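Here's the structure we're looking at; comments come further down.
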Amino acid sequence: MTELTQLTLSEARDGLRKGDFSAVELTQAHIKSMETNRDLNVFITEVPGLAIERAKEADHNRSHGKAGALEGLPLGIKDLFCTEGILTTAASHILDGFTPPYESTVTANLKAAGAITLGKTNLDEFAMGSSNESSYYGAAHNPWKRKGDPRYLVPGGSSGGSAAAVAAHTCLGAIGTDTGGSIRQPASFCGVVGMKPTYGRCSRWGVVAFSSSLDQAGPMTRTVRDSAILLAVMAGHDAKDSTSADMPVPDFEAALSGDIKGLRIGLPCEYRPDGLNSDIAALWDKGVGWLKDAGAEVVDISLPHTKYALPTYYIVAPAEASANLARYDGVRFGLRIEGESLDDMYAKTRAAGFGAEVKRRILIGTYALSAGYYDAYYLKAQKVRQLIHQDFVSAFENVDAILTPTTPSSAFPIGENSDDPISMYLNDVFTVPASLAGIPGISIPAGLSSDGLPLGLQLLSKRWDEETLFRVAGVLEEAAGFSGLSIGGEG
Amino acid sequence: MTFLIKGETETWEVVIGLEVHAQVTSEAKLFSGAPTYFGADPNSQVSFVDAGMPGMLPVINEICVEQAVRTGLGLKAQINNRSVFSRKNYFYADLPQGYQISQFDLPIVGKGTIVLDMPDGVSREIGIERLHLEQDAGKSIHDLHPSKTFIDLNRSGVALMEIVSDPDMRSPEEAGAYLRKLRSILRYLGTCNGNMDEGSMRCDANVSVRPQGEEGLRTRCEIKNVNSIRFVMQAIEYEARRHVDVYESGGEISQETRQYDSNNGETRSMRSKEMAHDYRYFPDPDLLPLVFDDDYVASIKATLPELPDEKKERFISEYGLTAYDAGVLVVERETSVYFEDVAKDRDPKAAANWVISNLFGALNKMGISITDSPITADNLGKLIDLITDNTISGRIAKDVFEIMLEEGKGPDAIVEEKGLKQITDTGPIEDAIGQVMADNPGKVEEYRGGKDKLIGWFVGQVMKQTGGKANPGKLNELLQKKLAP
Amino acid sequence: MSLDDATVRKIAHLARISVAEKDIAPLAKELSGIMDWIEQLQEVDTSAVEPMTGGADMMLNWRKDAVTDGGHTDKVLANAPESHEGFFGVPKVIE
């Protein structure tokens, strides 16, 4: 039965269609995997009972010819999506006990398509982080380890739990959110495929908000095809989200033609700074070769404002977060620490409820918006953001997609980077620009570092053009031939 | 007419600016589909969006946009085809999101004007600085429990129009006139019901003083959330005098937010709002800019009713009414409609007189509005007709009016029933005159002896004799003849 | 841009997060470091640039005025740390 957890999502989908096994069998296998991988701490909440119930329903539906696109497929859900009746924590103490009386649009879409929730995956608190170390529920662990080194490594963040859960075969796929790289970066660290669609492609209704103009939901899977299948169900206009685009959802799976002849791929020189990790530089060169072999034309491009992307992000995101997190005040849900007065209650509750990184970002954001500083910081950052966006618009007049590394390093040991916030922020140097511009991006596991850890390559395309992204990603994946972890999580 | 405070050392004038929060008339709230009606059970009209739950997002209600534009047009103001929603960030228990979605540097409506009708007949133009849309907060209830405050979020998220005046007012009377006029315009437009006692219209008054003739503005204080026009006027007067007292005793006024206590007529500082707020406004990233075109504005303009100022002008020119009477009749649209029904094909001055001098007083006493008047416009008109064609006298008409109020019947029926038709025939009047003269020979002597003023007494007696029904003109004519020596 | 202790206390109050006295100075240092790193944005010439609003190619969605929500008091109060007879309860506020 354990072979069931070795299947990709599309293989499992096909297997269910052919009747090779039942949804109950499939789900039970993954529940078992979830249990045996508890040391990874990738799930905050497991819901095996509900999952089996849903699996039975799925088998029933299928036998009556009513199977949805994801009928009977067990998934992990980042604990940032509000799931009705299931504890939702955003990995924060301040949401203790919060059980939403509503379902996020994205997870409702998955449910409507027949998907099964196995549990809520671990993440950096309120999605703020690149290592999943700031979670109130403890760090999640990367199932990959360095050759000859027993230390647990970070899975990346903020969607570290989802990435690791997929890499360790505890679910067929998972969903995460990406604000500055929170899907792509952990995907790279865990050797899985992580995709951030165009801003506005997926609804944000019911997703615990971090930075409203940047947050986007996206799929995390072991293959590009799986990613396309999941995104097609997640995406779509939602009238309840004013930033959700009224755009038709293309057939993403059909975009996987395998043919990229004549496509132009850009290589931004700013993504190859001095001192770029040599494994990563070498992998990038290999990626270029694969694309050329497949008939694409590769050109050098420039995205001149790249280096300002991180500081821009670290004004915009904390500013928006400082307002989005003001609702966590102990009045209507979550943790409350009693106080002598209302203000005292607020101050004590929020001091106890938020972790250090969240507090840092709220304070930075509050400062950047405060009287006298709005123009110099927030307004300035939004203008630089426009320039970063313009860089991409200009580039895409000349190329169809852009190839870059996903991360500046492979996964590092838990605890190694936690002292210096800025060095943690630098993990997102290659992913943040695309977030600021609102364009889609995908990370594909392309190779291993010299110490045996996964490295990802990132592809970016212009807004609403996820199809080109999937097309090129499929070819790259084929060429790279990356094999993930086998059962048990050993590399 | 200027309002001045004579202090020990100076004569001071008051500078007043008013901020009115008017609840938009709509079925649902500004950014959620929860209902807006008044008086429901606590937290029963709350969407998860209004409760600021995690992951919730705002979606704008099209009617609220329309109502704001309509109001802007009614205030002769500039309509901004592009405006932006901003977050106003602060913490309070009735503000679930920890910020209010409002508008900051790009409001939906810009500069406009309101014309005040002052009692001395003078018109004053008061500038409107802007109007913007924003969310209302919930309600904090402090007096249901000794150590707890209870929060009801029913009102959280209801659409408000914040209307900010220029600091152009110079007296409590002008402030009162401004509020009455604004309320009148809002009710005409149907964009807000103006019910201050229900809280659908609230006023913050900004008050400062300065020596008469001084240019520039001194420090002002804000008196928040006053819920009646009378209290606003009282609060302003109290606050102005307080400022004068402070200045004249050598002190300084510090910028404060204050509350008016209607029990003792004083304002006091609000402790919780003492620290200057840093609202950290920034454009709300959950919403896109609010954009519409000139056609949209024009389509709303086409639906505007005739507004109070225009109607008043028309009543003066078309009906020949005095400015005062016209002003009174147009305050409420329903009243102006009633009046015009009565005045149709009749003497408008008589119509105005009956409505203002008789009907208003009666309705006020009964505590009802003109829409609930037991006397319809049609029937009041008929009553006037009965006087005009001499069927009844003016005196009798007043009695009929009272009966109409009580019974809600038409005047013809009442006159029939009670036999109140005027007596115009010579015979019965002469008989009555004869009777009175016979009963009072002494008075007849006196009159014929030169006491002309006794004619009034005789008129009264003959009227009584005829049960009040004698036609006064006829009575006078015959009486003069008969009494003549 | 360096933040001094007084500024940190002020921001912490604006954000309603209580910070122990002993933590103020280290926090000031940390936040100053981050703000110094962000200072490089001032190098960029943005004189001819409009600020970006997310979703630039979309139009604001206008909803019809209809009651489609509310009427679920129990759900609204379900997660409340303290509620009484339909109200949320908080420490008494004196105005």
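Ligands are numbered from 1 in the order shown, residues from 1 within each chain, and chains are lettered A, B, ... in the order they appear in the structure tokens.
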
Report as a PyMOL selection string the set of chain C residues whose atoms approach chain B to within 8 Å, with distances computed over only C-alpha atoms.
chain C and resi 14+16+53-55+58-73+76+84+86-95

Using only C-alpha atoms, select each residue of chain A with any atom at most 8 Å away from an atom of chain B, and give the selection as a VMD selection string.
chain A and resid 82 104 204 to 209 212 to 213 239 to 243 320 323 to 324 326 to 327 331 to 332 342 366 369 to 371 374

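Picture a line from atom CA of Val288 of chain A to atom CA of Asn398 of chain A; it runs 17.2 Å.
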
Distance table requested - chain A against chain C, cut-off 6 Å, only C-alpha atoms: one row per qualifying residue with the closest atom pair and its distance in Å to one decimal, ordered by chain and rising residue number, as a Markdown table.
```
| residue | atom | partner | partner_atom | distance |
| --- | --- | --- | --- | --- |
| A:Ser213 | CA | C:Gly54 | CA | 5.1 |
| A:Ser242 | CA | C:Asn61 | CA | 5.8 |
| A:Pro311 | CA | C:Ile38 | CA | 4.9 |
| A:Arg332 | CA | C:Ala80 | CA | 4.4 |
| A:Phe333 | CA | C:Ala80 | CA | 4.7 |
| A:Ser341 | CA | C:Pro91 | CA | 5.5 |
| A:Leu342 | CA | C:Pro91 | CA | 5.4 |
| A:Tyr346 | CA | C:Arg16 | CA | 5.9 |
| A:Ala347 | CA | C:Ile17 | CA | 4.3 |
| A:Lys348 | CA | C:Ser18 | CA | 5.9 |
| A:Arg350 | CA | C:Ile17 | CA | 5.4 |
| A:Ala351 | CA | C:Ile17 | CA | 5.0 |
| A:Gln382 | CA | C:Pro51 | CA | 4.7 |
| A:Lys383 | CA | C:Pro51 | CA | 4.1 |
| A:Gln386 | CA | C:Met52 | CA | 5.0 |
```

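Those residues that approach Pro318 of chain A to within 7 Å, counting only C-alpha atoms, are Tyr314, Ile315, Ala321, Ser322, Arg361, Ile362, Ile364 and Gly365 of chain A; same-chain residues fewer than 3 positions away are not listed.
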
Keeping only all heavy atoms, write those residues as an mmCIF file, in the first residue's frame.
```cif
data_model
loop_
_atom_site.group_PDB
_atom_site.id
_atom_site.type_symbol
_atom_site.label_atom_id
_atom_site.label_comp_id
_atom_site.auth_asym_id
_atom_site.auth_seq_id
_atom_site.Cartn_x
_atom_site.Cartn_y
_atom_site.Cartn_z
ATOM 1 N N TYR A 314 10.335 45.313 2.171
ATOM 2 C CA TYR A 314 10.355 45.402 3.631
ATOM 3 C C TYR A 314 9.877 46.746 4.168
ATOM 4 O O TYR A 314 9.989 47.028 5.344
ATOM 5 C CB TYR A 314 11.720 44.976 4.195
ATOM 6 C CG TYR A 314 11.783 43.462 4.263
ATOM 7 C CD1 TYR A 314 12.434 42.725 3.291
ATOM 8 C CD2 TYR A 314 11.085 42.788 5.255
ATOM 9 C CE1 TYR A 314 12.412 41.335 3.324
ATOM 10 C CE2 TYR A 314 11.048 41.403 5.286
ATOM 11 C CZ TYR A 314 11.710 40.672 4.322
ATOM 12 O OH TYR A 314 11.671 39.306 4.349
ATOM 13 N N ILE A 315 9.314 47.566 3.268
ATOM 14 C CA ILE A 315 8.509 48.699 3.718
ATOM 15 C C ILE A 315 7.040 48.385 3.438
ATOM 16 O O ILE A 315 6.174 48.496 4.312
ATOM 17 C CB ILE A 315 8.904 49.998 2.985
ATOM 18 C CG1 ILE A 315 10.242 50.498 3.501
ATOM 19 C CG2 ILE A 315 7.839 51.066 3.158
ATOM 20 C CD1 ILE A 315 10.203 50.993 4.936
ATOM 21 N N ALA A 321 0.920 44.960 6.730
ATOM 22 C CA ALA A 321 0.724 44.002 7.819
ATOM 23 C C ALA A 321 0.380 44.699 9.121
ATOM 24 O O ALA A 321 -0.443 44.205 9.906
ATOM 25 C CB ALA A 321 1.979 43.148 8.002
ATOM 26 N N SER A 322 0.986 45.855 9.359
ATOM 27 C CA SER A 322 0.735 46.539 10.640
ATOM 28 C C SER A 322 -0.743 46.879 10.768
ATOM 29 O O SER A 322 -1.315 46.827 11.854
ATOM 30 C CB SER A 322 1.595 47.799 10.778
ATOM 31 O OG SER A 322 1.178 48.812 9.895
ATOM 32 N N ARG A 361 8.010 43.349 12.424
ATOM 33 C CA ARG A 361 7.423 43.855 11.187
ATOM 34 C C ARG A 361 6.271 44.814 11.453
ATOM 35 O O ARG A 361 6.099 45.797 10.734
ATOM 36 C CB ARG A 361 6.968 42.710 10.291
ATOM 37 C CG ARG A 361 8.151 41.875 9.859
ATOM 38 C CD ARG A 361 7.864 41.065 8.644
ATOM 39 N NE ARG A 361 8.856 40.018 8.468
ATOM 40 C CZ ARG A 361 8.934 39.255 7.392
ATOM 41 N NH1 ARG A 361 8.080 39.433 6.408
ATOM 42 N NH2 ARG A 361 9.861 38.330 7.305
ATOM 43 N N ILE A 362 5.485 44.533 12.487
ATOM 44 C CA ILE A 362 4.399 45.468 12.832
ATOM 45 C C ILE A 362 5.000 46.822 13.215
ATOM 46 O O ILE A 362 4.525 47.875 12.797
ATOM 47 C CB ILE A 362 3.532 44.920 13.983
ATOM 48 C CG1 ILE A 362 2.715 43.716 13.515
ATOM 49 C CG2 ILE A 362 2.592 46.002 14.518
ATOM 50 C CD1 ILE A 362 1.914 43.050 14.619
ATOM 51 N N ILE A 364 8.027 48.077 12.390
ATOM 52 C CA ILE A 364 8.601 48.715 11.196
ATOM 53 C C ILE A 364 7.474 49.351 10.378
ATOM 54 O O ILE A 364 7.577 50.494 9.928
ATOM 55 C CB ILE A 364 9.344 47.695 10.315
ATOM 56 C CG1 ILE A 364 10.575 47.159 11.026
ATOM 57 C CG2 ILE A 364 9.713 48.297 8.963
ATOM 58 C CD1 ILE A 364 11.771 48.065 11.002
ATOM 59 N N GLY A 365 6.419 48.590 10.161
ATOM 60 C CA GLY A 365 5.297 49.076 9.359
ATOM 61 C C GLY A 365 4.624 50.280 9.978
ATOM 62 O O GLY A 365 4.292 51.244 9.285
#
```

As a check of understanding: the span from atom CA of Asn142 of chain A to atom CA of Gly474 of chain A is 24.6 Å

So which bits of segment 379-476 of chain A end up alpha helix (DSSP H) when you DSSP the backbone, as a count of residues only?
38

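Atom to atom, atom CA of Tyr377 of chain A and atom CA of Tyr313 of chain A stand 11.0 Å apart.
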
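Neighbours of Ala240 of chain B closer than or equal to 9 Å, with only C-alpha atoms counted and sequence neighbours fewer than 5 positions away skipped, come out as B:Ile5, B:Glu13, B:Val14, B:Val15, B:Val207, B:Ser208, B:Val209, B:Ala235, B:Asp245.
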
Written file, previous selection with N, CA, C and O atoms, as a PDB file, in the first residue's frame:
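And here's again_23.pdb as it stands now:
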```pdb
ATOM      1  N   ILE B   5     -19.005  87.976  22.348  1.00  0.00           N
ATOM      2  CA  ILE B   5     -18.919  87.774  23.800  1.00  0.00           C
ATOM      3  C   ILE B   5     -18.120  88.934  24.374  1.00  0.00           C
ATOM      4  O   ILE B   5     -16.954  89.139  24.007  1.00  0.00           O
ATOM      5  N   GLU B  13     -15.132  87.213  19.138  1.00  0.00           N
ATOM      6  CA  GLU B  13     -16.044  86.538  18.215  1.00  0.00           C
ATOM      7  C   GLU B  13     -15.712  85.039  18.184  1.00  0.00           C
ATOM      8  O   GLU B  13     -14.613  84.626  18.554  1.00  0.00           O
ATOM      9  N   VAL B  14     -16.702  84.274  17.753  1.00  0.00           N
ATOM     10  CA  VAL B  14     -16.570  82.809  17.743  1.00  0.00           C
ATOM     11  C   VAL B  14     -16.372  82.321  16.314  1.00  0.00           C
ATOM     12  O   VAL B  14     -17.015  82.834  15.388  1.00  0.00           O
ATOM     13  N   VAL B  15     -15.499  81.353  16.159  1.00  0.00           N
ATOM     14  CA  VAL B  15     -15.300  80.743  14.838  1.00  0.00           C
ATOM     15  C   VAL B  15     -15.738  79.285  14.939  1.00  0.00           C
ATOM     16  O   VAL B  15     -15.258  78.551  15.805  1.00  0.00           O
ATOM     17  N   VAL B 207     -14.725  74.576  17.683  1.00  0.00           N
ATOM     18  CA  VAL B 207     -14.959  75.923  18.205  1.00  0.00           C
ATOM     19  C   VAL B 207     -13.651  76.594  18.608  1.00  0.00           C
ATOM     20  O   VAL B 207     -12.825  75.987  19.284  1.00  0.00           O
ATOM     21  N   SER B 208     -13.491  77.825  18.183  1.00  0.00           N
ATOM     22  CA  SER B 208     -12.398  78.643  18.700  1.00  0.00           C
ATOM     23  C   SER B 208     -12.929  80.071  18.822  1.00  0.00           C
ATOM     24  O   SER B 208     -13.995  80.381  18.297  1.00  0.00           O
ATOM     25  N   VAL B 209     -12.188  80.906  19.500  1.00  0.00           N
ATOM     26  CA  VAL B 209     -12.601  82.316  19.594  1.00  0.00           C
ATOM     27  C   VAL B 209     -11.417  83.190  19.201  1.00  0.00           C
ATOM     28  O   VAL B 209     -10.286  82.722  19.098  1.00  0.00           O
ATOM     29  N   ALA B 235     -23.833  73.764  23.315  1.00  0.00           N
ATOM     30  CA  ALA B 235     -22.443  73.356  23.538  1.00  0.00           C
ATOM     31  C   ALA B 235     -21.481  74.394  22.979  1.00  0.00           C
ATOM     32  O   ALA B 235     -20.467  74.707  23.607  1.00  0.00           O
ATOM     33  N   ASP B 245     -13.030  82.834  28.888  1.00  0.00           N
ATOM     34  CA  ASP B 245     -12.616  82.853  30.295  1.00  0.00           C
ATOM     35  C   ASP B 245     -11.147  82.477  30.441  1.00  0.00           C
ATOM     36  O   ASP B 245     -10.393  83.116  31.172  1.00  0.00           O
TER      37      ASP B 245
END
```

Can you tell me, as a JSON list (two decimals) with N, CA, C and O atoms, in the first residue's frame, what residues are no more than 8 Å from Thr407 of chain A when counting only C-alpha atoms, ignoring any on the same chain fewer than 6 positions away?
```
[["chain", "number", "residue", "atom", "x", "y", "z"],
["A", 185, "GLN", "N", 10.36, 29.79, -2.56],
["A", 185, "GLN", "CA", 11.60, 29.54, -1.82],
["A", 185, "GLN", "C", 11.57, 28.21, -1.08],
["A", 185, "GLN", "O", 12.50, 27.41, -1.18],
["A", 188, "SER", "N", 11.96, 25.35, -3.45],
["A", 188, "SER", "CA", 13.36, 25.15, -3.84],
["A", 188, "SER", "C", 14.13, 24.38, -2.76],
["A", 188, "SER", "O", 14.87, 23.43, -3.05],
["A", 427, "ASN", "N", 17.20, 35.77, 1.88],
["A", 427, "ASN", "CA", 16.78, 34.50, 1.26],
["A", 427, "ASN", "C", 15.83, 34.73, 0.11],
["A", 427, "ASN", "O", 15.68, 33.89, -0.78],
["A", 428, "ASP", "N", 15.10, 35.86, 0.15],
["A", 428, "ASP", "CA", 14.06, 36.12, -0.84],
["A", 428, "ASP", "C", 14.52, 37.03, -1.98],
["A", 428, "ASP", "O", 13.71, 37.52, -2.75],
["A", 429, "VAL", "N", 15.83, 37.24, -2.09],
["A", 429, "VAL", "CA", 16.35, 38.21, -3.05],
["A", 429, "VAL", "C", 15.89, 37.94, -4.48],
["A", 429, "VAL", "O", 15.63, 38.86, -5.24],
["A", 430, "PHE", "N", 15.76, 36.67, -4.88],
["A", 430, "PHE", "CA", 15.37, 36.35, -6.26],
["A", 430, "PHE", "C", 13.86, 36.25, -6.44],
["A", 430, "PHE", "O", 13.37, 36.29, -7.58],
["A", 431, "THR", "N", 13.14, 36.09, -5.35],
["A", 431, "THR", "CA", 11.69, 35.88, -5.48],
["A", 431, "THR", "C", 10.89, 37.16, -5.29],
["A", 431, "THR", "O", 9.82, 37.31, -5.87],
["A", 455, "LEU", "N", 18.11, 22.13, -5.25],
["A", 455, "LEU", "CA", 18.20, 23.52, -5.68],
["A", 455, "LEU", "C", 17.14, 23.75, -6.75],
["A", 455, "LEU", "O", 16.92, 22.88, -7.60],
["A", 456, "GLY", "N", 16.52, 24.92, -6.71],
["A", 456, "GLY", "CA", 15.46, 25.18, -7.67],
["A", 456, "GLY", "C", 15.85, 26.22, -8.69],
["A", 456, "GLY", "O", 16.73, 27.05, -8.45]]
```

Which residues are close to segment 419-421 of chain B, i.e. within 9 Å by only C-alpha atoms, leaving aside same-chain residues fewer than 3 positions away? Reply as a count of residues only.
13

Ala254 of chain A environment, 12 Å, only C-alpha atoms, sequence neighbours closer than 2 positions dropped, as JSON, numbers by chain:
{"A": [224, 225, 228, 229, 232, 249, 250, 251, 252, 256, 257, 258, 259, 466, 467, 468, 470, 471, 474]}
